[in-house]
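File shown: coords_33.cif (mmCIF, C-alpha atoms).
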data_protein
#
loop_
_atom_site.label_atom_id
_atom_site.label_comp_id
_atom_site.auth_asym_id
_atom_site.auth_seq_id
_atom_site.Cartn_x
_atom_site.Cartn_y
_atom_site.Cartn_z
CA MET A 13 34.61 -18.01 54.86
CA ARG A 14 35.65 -14.71 53.22
CA VAL A 15 33.59 -13.56 50.22
CA LEU A 16 33.89 -10.60 47.83
CA VAL A 17 30.75 -9.37 46.06
CA VAL A 18 31.44 -7.34 42.90
CA GLU A 19 28.10 -6.08 41.60
CA ASP A 20 27.19 -2.65 40.18
CA GLU A 21 23.50 -2.90 41.13
CA ARG A 22 23.91 -1.52 44.63
CA ASN A 23 20.63 -2.78 46.05
CA LEU A 24 21.34 -6.28 44.81
CA ALA A 25 24.95 -6.17 46.04
CA GLU A 26 23.89 -5.06 49.52
CA ALA A 27 21.11 -7.64 49.66
CA ILE A 28 23.55 -10.41 48.74
CA ALA A 29 26.06 -9.17 51.33
CA ARG A 30 23.46 -8.95 54.11
CA GLY A 31 22.20 -12.43 53.35
CA LEU A 32 25.65 -14.01 53.25
CA ARG A 33 26.59 -12.29 56.52
CA ARG A 34 23.49 -13.78 58.13
CA GLU A 35 24.90 -17.14 57.03
CA GLY A 36 28.06 -16.42 59.03
CA MET A 37 30.34 -15.34 56.17
CA ALA A 38 32.71 -12.36 56.16
CA VAL A 39 31.67 -10.27 53.15
CA ASP A 40 33.24 -7.29 51.36
CA VAL A 41 31.34 -5.39 48.66
CA THR A 42 32.36 -3.22 45.75
CA TYR A 43 30.33 -1.77 42.89
CA ASP A 44 32.73 -1.46 39.94
CA GLY A 45 35.26 -3.55 38.10
CA ALA A 46 38.37 -1.50 38.88
CA SER A 47 37.99 -1.66 42.67
CA GLY A 48 36.77 -5.25 42.43
CA HIS A 49 39.90 -6.22 40.52
CA GLU A 50 42.13 -4.52 43.09
CA MET A 51 40.37 -6.05 46.11
CA ALA A 52 40.39 -9.55 44.62
CA PHE A 53 44.20 -9.46 44.47
CA VAL A 54 44.88 -7.60 47.74
CA THR A 55 42.88 -9.94 49.99
CA ARG A 56 42.72 -13.72 49.91
CA TYR A 57 39.03 -14.51 49.29
CA ASP A 58 37.50 -17.97 49.27
CA VAL A 59 34.83 -16.94 46.77
CA VAL A 60 34.22 -13.94 44.52
CA VAL A 61 30.58 -13.38 43.51
CA LEU A 62 31.19 -11.53 40.27
CA ASP A 63 28.77 -9.70 37.99
CA ARG A 64 29.80 -10.20 34.39
CA ASP A 65 28.67 -6.77 33.16
CA LEU A 66 30.61 -4.25 35.26
CA PRO A 67 31.62 -0.62 34.69
CA GLY A 68 35.37 -0.08 34.43
CA VAL A 69 37.01 -3.49 34.30
CA PRO A 70 34.62 -6.16 32.94
CA GLY A 71 33.86 -9.19 35.09
CA ASP A 72 35.30 -11.39 32.36
CA ASP A 73 38.70 -9.72 32.76
CA ILE A 74 38.68 -10.05 36.55
CA CYS A 75 37.81 -13.74 36.25
CA ALA A 76 40.49 -14.40 33.63
CA ASP A 77 43.16 -12.59 35.69
CA LEU A 78 42.27 -14.53 38.85
CA VAL A 79 42.54 -17.81 36.98
CA ALA A 80 45.84 -16.79 35.37
CA SER A 81 47.29 -15.83 38.77
CA GLY A 82 46.82 -19.36 40.08
CA ALA A 83 44.82 -18.11 43.08
CA LEU A 84 42.69 -20.66 44.91
CA THR A 85 39.80 -18.16 44.92
CA ARG A 86 36.64 -19.58 43.35
CA VAL A 87 34.47 -17.45 41.05
CA LEU A 88 30.68 -17.47 40.93
CA MET A 89 29.66 -15.46 37.86
CA LEU A 90 26.36 -13.56 37.84
CA THR A 91 24.69 -12.51 34.61
CA ALA A 92 21.38 -11.22 33.33
CA SER A 93 21.67 -13.47 30.29
CA GLY A 94 20.59 -17.06 30.69
CA THR A 95 21.48 -18.38 27.26
CA VAL A 96 23.52 -21.56 27.00
CA ALA A 97 26.12 -19.78 24.87
CA ASP A 98 26.58 -17.11 27.54
CA ARG A 99 27.02 -19.71 30.30
CA VAL A 100 29.49 -21.69 28.21
CA GLU A 101 31.50 -18.55 27.48
CA GLY A 102 31.61 -17.58 31.16
CA LEU A 103 32.72 -21.03 32.26
CA GLY A 104 35.27 -21.02 29.44
CA LEU A 105 36.90 -17.98 31.03
CA GLY A 106 37.56 -20.05 34.14
CA ALA A 107 34.51 -19.25 36.26
CA ASP A 108 33.76 -22.10 38.65
CA ASP A 109 30.00 -21.64 38.59
CA TYR A 110 27.35 -19.54 36.89
CA LEU A 111 24.06 -18.09 38.15
CA THR A 112 21.48 -16.24 36.10
CA LYS A 113 19.58 -13.23 37.50
CA PRO A 114 17.06 -13.31 39.04
CA PHE A 115 18.01 -16.17 41.31
CA ALA A 116 16.79 -17.76 44.53
CA PHE A 117 18.95 -16.63 47.44
CA ASP A 118 19.06 -20.13 48.94
CA GLU A 119 20.61 -21.37 45.70
CA LEU A 120 23.23 -18.60 45.83
CA VAL A 121 24.15 -19.57 49.40
CA ALA A 122 24.41 -23.25 48.50
CA ARG A 123 26.66 -22.50 45.53
CA VAL A 124 28.89 -20.12 47.51
CA ARG A 125 29.29 -22.71 50.29
CA ALA A 126 30.12 -25.45 47.76
CA LEU A 127 32.74 -23.23 46.09
CA GLY A 128 34.17 -22.21 49.46
CA ARG A 129 34.85 -25.84 50.31
CA ARG A 130 36.86 -26.13 47.09
CA SER A 131 38.97 -23.02 47.73
CA SER A 132 41.06 -24.52 50.53
CA PRO A 133 42.50 -27.91 51.43
CA ALA A 134 39.70 -30.37 52.02
CA ALA A 135 38.41 -30.55 55.58
CA PRO A 136 35.82 -33.05 56.78
CA PRO A 137 32.30 -31.59 57.11
CA VAL A 138 32.32 -32.52 60.81
CA LEU A 139 35.38 -31.40 62.80
CA THR A 140 36.25 -33.09 66.09
CA VAL A 141 38.68 -31.84 68.73
CA GLY A 142 38.60 -33.92 71.90
CA ASP A 143 34.98 -34.06 73.02
CA LEU A 144 34.00 -31.09 70.85
CA VAL A 145 32.13 -31.72 67.60
CA LEU A 146 31.62 -28.92 65.04
CA ASP A 147 29.32 -29.55 62.09
CA GLN A 148 30.21 -27.03 59.37
CA ALA A 149 27.16 -27.73 57.22
CA LYS A 150 24.57 -27.63 60.02
CA ARG A 151 26.43 -24.80 61.84
CA THR A 152 26.16 -26.63 65.16
CA VAL A 153 28.63 -27.27 67.98
CA THR A 154 28.43 -29.74 70.84
CA ARG A 155 30.81 -30.51 73.68
CA ALA A 156 30.49 -33.79 75.54
CA GLY A 157 27.16 -34.16 73.73
CA LYS A 158 25.81 -30.82 75.02
CA PRO A 159 24.77 -28.24 72.36
CA LEU A 160 26.51 -24.86 72.57
CA GLU A 161 24.89 -21.59 71.53
CA LEU A 162 27.53 -19.55 69.72
CA THR A 163 27.36 -16.24 67.87
CA ARG A 164 28.36 -16.22 64.19
CA LYS A 165 31.77 -14.75 65.02
CA GLU A 166 32.39 -17.24 67.83
CA PHE A 167 31.47 -20.08 65.50
CA GLY A 168 33.74 -18.63 62.80
CA ILE A 169 36.74 -18.44 65.13
CA LEU A 170 36.13 -21.96 66.44
CA GLU A 171 35.79 -23.28 62.88
CA GLU A 172 39.09 -21.70 61.77
CA LEU A 173 40.95 -23.02 64.81
CA ALA A 174 39.49 -26.51 64.42
CA LYS A 175 40.39 -26.60 60.71
CA ALA A 176 43.98 -25.65 61.59
CA ARG A 177 44.32 -29.02 63.38
CA GLY A 178 46.55 -27.82 66.18
CA ALA A 179 48.50 -25.24 64.17
CA VAL A 180 48.69 -21.68 65.49
CA VAL A 181 46.32 -19.16 63.89
CA SER A 182 47.21 -15.50 64.39
CA SER A 183 44.75 -12.78 65.43
CA GLU A 184 45.35 -11.14 62.05
CA GLU A 185 44.37 -14.33 60.22
CA LEU A 186 41.23 -14.70 62.33
CA LEU A 187 40.32 -11.08 61.70
CA GLU A 188 40.76 -11.59 57.95
CA ARG A 189 38.88 -14.88 57.75
CA VAL A 190 35.96 -14.15 60.10
CA TRP A 191 35.40 -10.41 59.86
CA ASP A 192 35.54 -8.09 56.81
CA ALA A 193 37.40 -5.10 55.37
CA HIS A 194 35.55 -2.56 57.53
CA THR A 195 36.97 -3.98 60.76
CA ASP A 196 39.63 -1.88 62.47
CA PRO A 197 42.87 -3.93 62.24
CA PHE A 198 43.90 -2.59 65.67
CA THR A 199 40.68 -3.64 67.37
CA THR A 200 40.61 -6.02 70.34
CA THR A 201 37.54 -7.75 68.93
CA VAL A 202 39.36 -11.05 68.29
CA ARG A 203 40.71 -11.20 71.85
CA VAL A 204 37.32 -10.34 73.34
CA THR A 205 35.49 -12.87 71.16
CA VAL A 206 37.98 -15.60 72.05
CA MET A 207 37.42 -14.75 75.73
CA THR A 208 33.64 -15.20 75.49
CA LEU A 209 34.10 -18.32 73.36
CA ARG A 210 36.34 -19.88 76.02
CA ARG A 211 33.69 -19.26 78.67
CA LYS A 212 31.06 -21.00 76.56
CA LEU A 213 33.33 -23.96 75.81
CA GLY A 214 33.95 -24.52 79.52
CA ASP A 215 36.57 -26.73 81.12
CA PRO A 216 38.99 -28.24 80.49
CA PRO A 217 40.17 -25.42 78.18
CA LEU A 218 40.39 -26.17 74.46
CA ILE A 219 41.84 -22.90 73.13
CA GLU A 220 45.43 -22.09 74.03
CA THR A 221 47.02 -18.65 73.66
CA VAL A 222 50.49 -18.78 72.10
CA VAL A 223 52.08 -15.54 73.25
CA GLY A 224 53.14 -13.34 70.35
CA ALA A 225 51.76 -15.76 67.76
CA GLY A 226 48.02 -16.37 68.17
CA TYR A 227 45.76 -19.23 69.21
CA ARG A 228 45.50 -22.96 68.72
CA MET A 229 43.14 -25.74 69.74
CA THR A 230 44.44 -28.57 71.88
CA ALA A 231 42.53 -31.75 72.66
CA THR A 232 42.67 -32.71 76.33
#
Step by step, read the file and then write its structure as structure tokens.
Amino acid sequence: MRVLVVEDERNLAEAIARGLRREGMAVDVTYDGASGHEMAFVTRYDVVVLDRDLPGVPGDDICADLVASGALTRVLMLTASGTVADRVEGLGLGADDYLTKPFAFDELVARVRALGRRSSPAAPPVLTVGDLVLDQAKRTVTRAGKPLELTRKEFGILEELAKARGAVVSSEELLERVWDAHTDPFTTTVRVTVMTLRRKLGDPPLIETVVGAGYRMTAT
């Protein structure tokens, strides 16, 4: 899942980003409305965690523009005001959810995950390819009933390939969906991670390389 955090309180923004990354999400961060507005339209994010009171372009404007564009990106609005009127106004702008500061981080994670599931075509919570079973909610993978220990990036790649249901997913798409904006687009990190993932998955192979196009999962 790819998430953008737009929050001018730097310590809070970084804390949110670190926590979401620990949960296996690819997270970009920006601290003002102008750059947040630009990033939200340059990259396809599943969820934007958006502070309402931002310098430059207000969070309200970013939210309204995202909704008007027809993007599938979901918006979780953050605000210091917890009044009912403020929540109603924010949701009226098209925000998908609303969270008042201070908040429990576990609640933020749960809301981001719920919104992320709504940002793309519905996929079952448990994905099955052959004898491989991937539980997106529990973040677990088994093959032939045997649990597999995967890194967050390996799990992310496997999840994206399983959700594609046999369609080819390019290295660029995997880099965008699993990593973040600070990753070198010319890096070999996707290829190397797929290599280690294949070793952990064992035989018969489940991930096929489609030369010049990317990767796909095939049930054997």
Report task. Would you kindly return, as a VMD selection string, each protein, DNA or RNA residue with an atom no farther than 9 Å from any atom of A:Pro67, considering only C-alpha atoms and excluding same-chain residues fewer than 4 positions away? Result -> chain A and resid 20 43 to 46 71
Near stretch 32-37 of chain A, 10 Å: stretch 117-180 of chain A residue rows, closest pairs, only C-alpha atoms, as a Markdown table:
| residue | atom | partner | partner_atom | distance |
| --- | --- | --- | --- | --- |
| A:Phe117 | CA | A:Leu32 | CA | 9.2 |
| A:Asp118 | CA | A:Leu32 | CA | 10.0 |
| A:Leu120 | CA | A:Leu32 | CA | 9.1 |
| A:Val121 | CA | A:Leu32 | CA | 6.9 |
| A:Val124 | CA | A:Leu32 | CA | 9.0 |
| A:Arg125 | CA | A:Met37 | CA | 9.5 |
| A:Arg151 | CA | A:Gly36 | CA | 9.0 |
| A:Thr163 | CA | A:Gly36 | CA | 8.9 |
| A:Arg164 | CA | A:Gly36 | CA | 5.2 |
| A:Lys165 | CA | A:Gly36 | CA | 7.2 |
| A:Glu166 | CA | A:Gly36 | CA | 9.8 |
| A:Phe167 | CA | A:Gly36 | CA | 8.2 |
| A:Gly168 | CA | A:Gly36 | CA | 7.2 |
Mind working out the centre and edge lengths of an axis-aligned box for stretch 102-115 of chain A, all listed atoms inside, 6 Å added to each side, rounded to one decimal in Å and written as JSON?
{"center_x": 27.3, "center_y": -17.7, "center_z": 35.4, "size_x": 32.5, "size_y": 20.9, "size_z": 23.9}
Query - A:Glu171 environment, 12 Å, all atoms listed in the file, sequence neighbours closer than 2 positions dropped, as a PyMOL selection string - result: chain A and resi 13+36-37+135-141+144-149+151-153+162+164-169+173-177+181+186+189-190+209+219+228-229
How would the residues just chosen look if you wrote them out with C-alpha atoms as an mmCIF file, in the coordinates of the input?
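To be explicit, this is the file written out as again_33.cif:
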data_model
loop_
_atom_site.group_PDB
_atom_site.id
_atom_site.type_symbol
_atom_site.label_atom_id
_atom_site.label_comp_id
_atom_site.auth_asym_id
_atom_site.auth_seq_id
_atom_site.Cartn_x
_atom_site.Cartn_y
_atom_site.Cartn_z
ATOM 1 C CA MET A 13 34.610 -18.010 54.860
ATOM 2 C CA GLY A 36 28.060 -16.420 59.030
ATOM 3 C CA MET A 37 30.340 -15.340 56.170
ATOM 4 C CA ALA A 135 38.410 -30.550 55.580
ATOM 5 C CA PRO A 136 35.820 -33.050 56.780
ATOM 6 C CA PRO A 137 32.300 -31.590 57.110
ATOM 7 C CA VAL A 138 32.320 -32.520 60.810
ATOM 8 C CA LEU A 139 35.380 -31.400 62.800
ATOM 9 C CA THR A 140 36.250 -33.090 66.090
ATOM 10 C CA VAL A 141 38.680 -31.840 68.730
ATOM 11 C CA LEU A 144 34.000 -31.090 70.850
ATOM 12 C CA VAL A 145 32.130 -31.720 67.600
ATOM 13 C CA LEU A 146 31.620 -28.920 65.040
ATOM 14 C CA ASP A 147 29.320 -29.550 62.090
ATOM 15 C CA GLN A 148 30.210 -27.030 59.370
ATOM 16 C CA ALA A 149 27.160 -27.730 57.220
ATOM 17 C CA ARG A 151 26.430 -24.800 61.840
ATOM 18 C CA THR A 152 26.160 -26.630 65.160
ATOM 19 C CA VAL A 153 28.630 -27.270 67.980
ATOM 20 C CA LEU A 162 27.530 -19.550 69.720
ATOM 21 C CA ARG A 164 28.360 -16.220 64.190
ATOM 22 C CA LYS A 165 31.770 -14.750 65.020
ATOM 23 C CA GLU A 166 32.390 -17.240 67.830
ATOM 24 C CA PHE A 167 31.470 -20.080 65.500
ATOM 25 C CA GLY A 168 33.740 -18.630 62.800
ATOM 26 C CA ILE A 169 36.740 -18.440 65.130
ATOM 27 C CA LEU A 173 40.950 -23.020 64.810
ATOM 28 C CA ALA A 174 39.490 -26.510 64.420
ATOM 29 C CA LYS A 175 40.390 -26.600 60.710
ATOM 30 C CA ALA A 176 43.980 -25.650 61.590
ATOM 31 C CA ARG A 177 44.320 -29.020 63.380
ATOM 32 C CA VAL A 181 46.320 -19.160 63.890
ATOM 33 C CA LEU A 186 41.230 -14.700 62.330
ATOM 34 C CA ARG A 189 38.880 -14.880 57.750
ATOM 35 C CA VAL A 190 35.960 -14.150 60.100
ATOM 36 C CA LEU A 209 34.100 -18.320 73.360
ATOM 37 C CA ILE A 219 41.840 -22.900 73.130
ATOM 38 C CA ARG A 228 45.500 -22.960 68.720
ATOM 39 C CA MET A 229 43.140 -25.740 69.740
#
Do you know which residues the PyMOL selection byres ((chain A and resi 48) around 9) returns on this file, as a compact mmCIF listing (two decimals) with C-alpha atoms, keeping the file's coordinate frame?
# COMPACT_ATOMS: atom_id res chain seq x y z
CA LEU A 16 33.89 -10.60 47.83
CA VAL A 17 30.75 -9.37 46.06
CA VAL A 18 31.44 -7.34 42.90
CA GLU A 19 28.10 -6.08 41.60
CA VAL A 41 31.34 -5.39 48.66
CA THR A 42 32.36 -3.22 45.75
CA TYR A 43 30.33 -1.77 42.89
CA ASP A 44 32.73 -1.46 39.94
CA GLY A 45 35.26 -3.55 38.10
CA ALA A 46 38.37 -1.50 38.88
CA SER A 47 37.99 -1.66 42.67
CA HIS A 49 39.90 -6.22 40.52
CA GLU A 50 42.13 -4.52 43.09
CA MET A 51 40.37 -6.05 46.11
CA ALA A 52 40.39 -9.55 44.62
CA PHE A 53 44.20 -9.46 44.47
CA LEU A 62 31.19 -11.53 40.27
CA VAL A 69 37.01 -3.49 34.30
CA GLY A 71 33.86 -9.19 35.09
CA ILE A 74 38.68 -10.05 36.55
Query - Residue nearest A:Glu220 among A:Thr55, A:Gly157, A:Ala83, A:Ala179 (counting all atoms listed in the file) - result: A:Ala179
For this file, the PyMOL selection byres ((chain A and resi 107-114) around 6) selects which residues, as an mmCIF file with C-alpha atoms, in the coordinates of the input?
data_model
loop_
_atom_site.group_PDB
_atom_site.id
_atom_site.type_symbol
_atom_site.label_atom_id
_atom_site.label_comp_id
_atom_site.auth_asym_id
_atom_site.auth_seq_id
_atom_site.Cartn_x
_atom_site.Cartn_y
_atom_site.Cartn_z
ATOM 1 C CA VAL A 87 34.470 -17.450 41.050
ATOM 2 C CA LEU A 88 30.680 -17.470 40.930
ATOM 3 C CA MET A 89 29.660 -15.460 37.860
ATOM 4 C CA LEU A 90 26.360 -13.560 37.840
ATOM 5 C CA THR A 91 24.690 -12.510 34.610
ATOM 6 C CA ALA A 92 21.380 -11.220 33.330
ATOM 7 C CA GLY A 94 20.590 -17.060 30.690
ATOM 8 C CA LEU A 103 32.720 -21.030 32.260
ATOM 9 C CA LEU A 105 36.900 -17.980 31.030
ATOM 10 C CA GLY A 106 37.560 -20.050 34.140
ATOM 11 C CA PHE A 115 18.010 -16.170 41.310
#
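Atom CA of A:Ala225 is positioned 19.7 Å from atom CA of A:Thr208.
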Starting from the block above, write stretch 68-192 of chain A out to a file with C-alpha atoms, as a PDB file, in the first residue's frame, please.
ATOM      1  CA  GLY A  68       0.527  27.140   1.609  1.00  0.00           C
ATOM      2  CA  VAL A  69      -2.366  25.176   0.164  1.00  0.00           C
ATOM      3  CA  PRO A  70      -4.938  24.256   2.850  1.00  0.00           C
ATOM      4  CA  GLY A  71      -5.770  20.599   3.402  1.00  0.00           C
ATOM      5  CA  ASP A  72      -9.377  21.367   2.504  1.00  0.00           C
ATOM      6  CA  ASP A  73      -8.307  22.449  -0.989  1.00  0.00           C
ATOM      7  CA  ILE A  74      -6.148  19.366  -1.538  1.00  0.00           C
ATOM      8  CA  CYS A  75      -9.027  17.124  -0.478  1.00  0.00           C
ATOM      9  CA  ALA A  76     -11.546  18.913  -2.689  1.00  0.00           C
ATOM     10  CA  ASP A  77      -9.223  18.771  -5.720  1.00  0.00           C
ATOM     11  CA  LEU A  78      -8.566  15.042  -5.240  1.00  0.00           C
ATOM     12  CA  VAL A  79     -12.289  14.355  -5.077  1.00  0.00           C
ATOM     13  CA  ALA A  80     -12.980  16.527  -8.131  1.00  0.00           C
ATOM     14  CA  SER A  81     -10.270  14.705 -10.123  1.00  0.00           C
ATOM     15  CA  GLY A  82     -12.063  11.390  -9.710  1.00  0.00           C
ATOM     16  CA  ALA A  83      -8.940   9.753  -8.255  1.00  0.00           C
ATOM     17  CA  LEU A  84      -9.427   6.524  -6.316  1.00  0.00           C
ATOM     18  CA  THR A  85      -7.136   7.877  -3.580  1.00  0.00           C
ATOM     19  CA  ARG A  86      -8.790   7.869  -0.157  1.00  0.00           C
ATOM     20  CA  VAL A  87      -8.341  10.790   2.243  1.00  0.00           C
ATOM     21  CA  LEU A  88      -7.933  10.533   6.008  1.00  0.00           C
ATOM     22  CA  MET A  89      -8.219  14.062   7.398  1.00  0.00           C
ATOM     23  CA  LEU A  90      -6.341  15.016  10.574  1.00  0.00           C
ATOM     24  CA  THR A  91      -7.378  17.993  12.670  1.00  0.00           C
ATOM     25  CA  ALA A  92      -6.765  19.502  16.085  1.00  0.00           C
ATOM     26  CA  SER A  93     -10.452  20.367  16.365  1.00  0.00           C
ATOM     27  CA  GLY A  94     -12.783  17.637  17.525  1.00  0.00           C
ATOM     28  CA  THR A  95     -16.088  19.453  17.235  1.00  0.00           C
ATOM     29  CA  VAL A  96     -18.941  17.772  15.408  1.00  0.00           C
ATOM     30  CA  ALA A  97     -19.290  20.773  13.094  1.00  0.00           C
ATOM     31  CA  ASP A  98     -15.623  20.519  12.100  1.00  0.00           C
ATOM     32  CA  ARG A  99     -15.905  16.785  11.359  1.00  0.00           C
ATOM     33  CA  VAL A 100     -19.065  17.303   9.332  1.00  0.00           C
ATOM     34  CA  GLU A 101     -17.411  20.072   7.326  1.00  0.00           C
ATOM     35  CA  GLY A 102     -14.354  17.933   6.598  1.00  0.00           C
ATOM     36  CA  LEU A 103     -16.420  14.962   5.485  1.00  0.00           C
ATOM     37  CA  GLY A 104     -18.547  17.322   3.410  1.00  0.00           C
ATOM     38  CA  LEU A 105     -15.445  18.238   1.418  1.00  0.00           C
ATOM     39  CA  GLY A 106     -15.132  14.605   0.382  1.00  0.00           C
ATOM     40  CA  ALA A 107     -12.760  13.251   3.027  1.00  0.00           C
ATOM     41  CA  ASP A 108     -13.311   9.524   3.525  1.00  0.00           C
ATOM     42  CA  ASP A 109     -12.492   9.539   7.225  1.00  0.00           C
ATOM     43  CA  TYR A 110     -11.624  11.944  10.010  1.00  0.00           C
ATOM     44  CA  LEU A 111      -9.279  11.641  12.997  1.00  0.00           C
ATOM     45  CA  THR A 112      -8.832  14.162  15.782  1.00  0.00           C
ATOM     46  CA  LYS A 113      -5.409  14.883  17.306  1.00  0.00           C
ATOM     47  CA  PRO A 114      -4.150  13.447  19.557  1.00  0.00           C
ATOM     48  CA  PHE A 115      -5.008   9.954  18.396  1.00  0.00           C
ATOM     49  CA  ALA A 116      -4.001   6.378  19.177  1.00  0.00           C
ATOM     50  CA  PHE A 117      -1.577   5.110  16.543  1.00  0.00           C
ATOM     51  CA  ASP A 118      -3.306   1.714  16.361  1.00  0.00           C
ATOM     52  CA  GLU A 119      -6.509   3.500  15.382  1.00  0.00           C
ATOM     53  CA  LEU A 120      -4.677   5.432  12.649  1.00  0.00           C
ATOM     54  CA  VAL A 121      -3.262   2.187  11.235  1.00  0.00           C
ATOM     55  CA  ALA A 122      -6.671   0.502  11.280  1.00  0.00           C
ATOM     56  CA  ARG A 123      -8.290   3.432   9.483  1.00  0.00           C
ATOM     57  CA  VAL A 124      -5.513   3.678   6.873  1.00  0.00           C
ATOM     58  CA  ARG A 125      -5.771  -0.066   6.164  1.00  0.00           C
ATOM     59  CA  ALA A 126      -9.567   0.142   5.853  1.00  0.00           C
ATOM     60  CA  LEU A 127      -9.302   3.074   3.427  1.00  0.00           C
ATOM     61  CA  GLY A 128      -6.570   1.316   1.457  1.00  0.00           C
ATOM     62  CA  ARG A 129      -8.884  -1.617   0.819  1.00  0.00           C
ATOM     63  CA  ARG A 130     -11.416   0.812  -0.657  1.00  0.00           C
ATOM     64  CA  SER A 131      -8.928   2.526  -2.979  1.00  0.00           C
ATOM     65  CA  SER A 132      -8.563  -0.374  -5.404  1.00  0.00           C
ATOM     66  CA  PRO A 133     -10.761  -3.120  -6.814  1.00  0.00           C
ATOM     67  CA  ALA A 134     -11.883  -5.418  -4.040  1.00  0.00           C
ATOM     68  CA  ALA A 135      -9.588  -8.337  -3.303  1.00  0.00           C
ATOM     69  CA  PRO A 136     -10.372 -11.091  -0.825  1.00  0.00           C
ATOM     70  CA  PRO A 137      -8.583 -10.714   2.531  1.00  0.00           C
ATOM     71  CA  VAL A 138      -6.941 -14.110   1.981  1.00  0.00           C
ATOM     72  CA  LEU A 139      -5.234 -14.614  -1.391  1.00  0.00           C
ATOM     73  CA  THR A 140      -4.539 -18.121  -2.688  1.00  0.00           C
ATOM     74  CA  VAL A 141      -2.234 -19.086  -5.541  1.00  0.00           C
ATOM     75  CA  GLY A 142      -1.787 -22.845  -5.860  1.00  0.00           C
ATOM     76  CA  ASP A 143      -0.697 -24.110  -2.453  1.00  0.00           C
ATOM     77  CA  LEU A 144       0.313 -20.624  -1.290  1.00  0.00           C
ATOM     78  CA  VAL A 145      -1.982 -18.747   1.092  1.00  0.00           C
ATOM     79  CA  LEU A 146      -1.417 -15.039   1.859  1.00  0.00           C
ATOM     80  CA  ASP A 147      -3.468 -13.415   4.615  1.00  0.00           C
ATOM     81  CA  GLN A 148      -3.399  -9.647   4.045  1.00  0.00           C
ATOM     82  CA  ALA A 149      -4.890  -8.750   7.425  1.00  0.00           C
ATOM     83  CA  LYS A 150      -2.687 -11.030   9.536  1.00  0.00           C
ATOM     84  CA  ARG A 151       0.370 -10.411   7.294  1.00  0.00           C
ATOM     85  CA  THR A 152       1.123 -14.131   7.133  1.00  0.00           C
ATOM     86  CA  VAL A 153       2.101 -16.455   4.291  1.00  0.00           C
ATOM     87  CA  THR A 154       2.078 -20.237   4.157  1.00  0.00           C
ATOM     88  CA  ARG A 155       2.978 -22.676   1.403  1.00  0.00           C
ATOM     89  CA  ALA A 156       1.708 -26.230   1.575  1.00  0.00           C
ATOM     90  CA  GLY A 157       0.721 -25.398   5.157  1.00  0.00           C
ATOM     91  CA  LYS A 158       4.257 -24.332   6.140  1.00  0.00           C
ATOM     92  CA  PRO A 159       4.671 -20.743   7.464  1.00  0.00           C
ATOM     93  CA  LEU A 160       7.136 -18.554   5.561  1.00  0.00           C
ATOM     94  CA  GLU A 161       9.178 -15.789   7.183  1.00  0.00           C
ATOM     95  CA  LEU A 162       9.225 -12.860   4.762  1.00  0.00           C
ATOM     96  CA  THR A 163      10.589  -9.329   5.071  1.00  0.00           C
ATOM     97  CA  ARG A 164       8.125  -6.450   4.651  1.00  0.00           C
ATOM     98  CA  LYS A 165       9.323  -5.821   1.092  1.00  0.00           C
ATOM     99  CA  GLU A 166       9.133  -9.505   0.154  1.00  0.00           C
ATOM    100  CA  PHE A 167       5.609  -9.668   1.547  1.00  0.00           C
ATOM    101  CA  GLY A 168       4.687  -6.481  -0.343  1.00  0.00           C
ATOM    102  CA  ILE A 169       5.915  -7.855  -3.666  1.00  0.00           C
ATOM    103  CA  LEU A 170       4.158 -11.184  -3.115  1.00  0.00           C
ATOM    104  CA  GLU A 171       0.942  -9.375  -2.173  1.00  0.00           C
ATOM    105  CA  GLU A 172       0.992  -7.213  -5.322  1.00  0.00           C
ATOM    106  CA  LEU A 173       1.676 -10.209  -7.572  1.00  0.00           C
ATOM    107  CA  ALA A 174      -1.034 -12.304  -5.911  1.00  0.00           C
ATOM    108  CA  LYS A 175      -3.579  -9.475  -6.223  1.00  0.00           C
ATOM    109  CA  ALA A 176      -2.776  -9.205  -9.951  1.00  0.00           C
ATOM    110  CA  ARG A 177      -4.254 -12.715 -10.406  1.00  0.00           C
ATOM    111  CA  GLY A 178      -1.857 -13.857 -13.096  1.00  0.00           C
ATOM    112  CA  ALA A 179      -1.427 -10.487 -14.826  1.00  0.00           C
ATOM    113  CA  VAL A 180       2.089  -9.162 -15.375  1.00  0.00           C
ATOM    114  CA  VAL A 181       3.304  -6.526 -12.903  1.00  0.00           C
ATOM    115  CA  SER A 182       6.280  -4.451 -14.020  1.00  0.00           C
ATOM    116  CA  SER A 183       9.335  -3.695 -11.867  1.00  0.00           C
ATOM    117  CA  GLU A 184       8.359  -0.022 -12.014  1.00  0.00           C
ATOM    118  CA  GLU A 185       4.903  -0.794 -10.627  1.00  0.00           C
ATOM    119  CA  LEU A 186       6.381  -2.914  -7.831  1.00  0.00           C
ATOM    120  CA  LEU A 187       8.855  -0.170  -7.002  1.00  0.00           C
ATOM    121  CA  GLU A 188       6.024   2.373  -6.828  1.00  0.00           C
ATOM    122  CA  ARG A 189       3.643   0.219  -4.799  1.00  0.00           C
ATOM    123  CA  VAL A 190       6.082  -1.344  -2.314  1.00  0.00           C
ATOM    124  CA  TRP A 191       8.849   1.224  -1.883  1.00  0.00           C
ATOM    125  CA  ASP A 192       8.657   5.044  -1.657  1.00  0.00           C
TER     126      ASP A 192
END
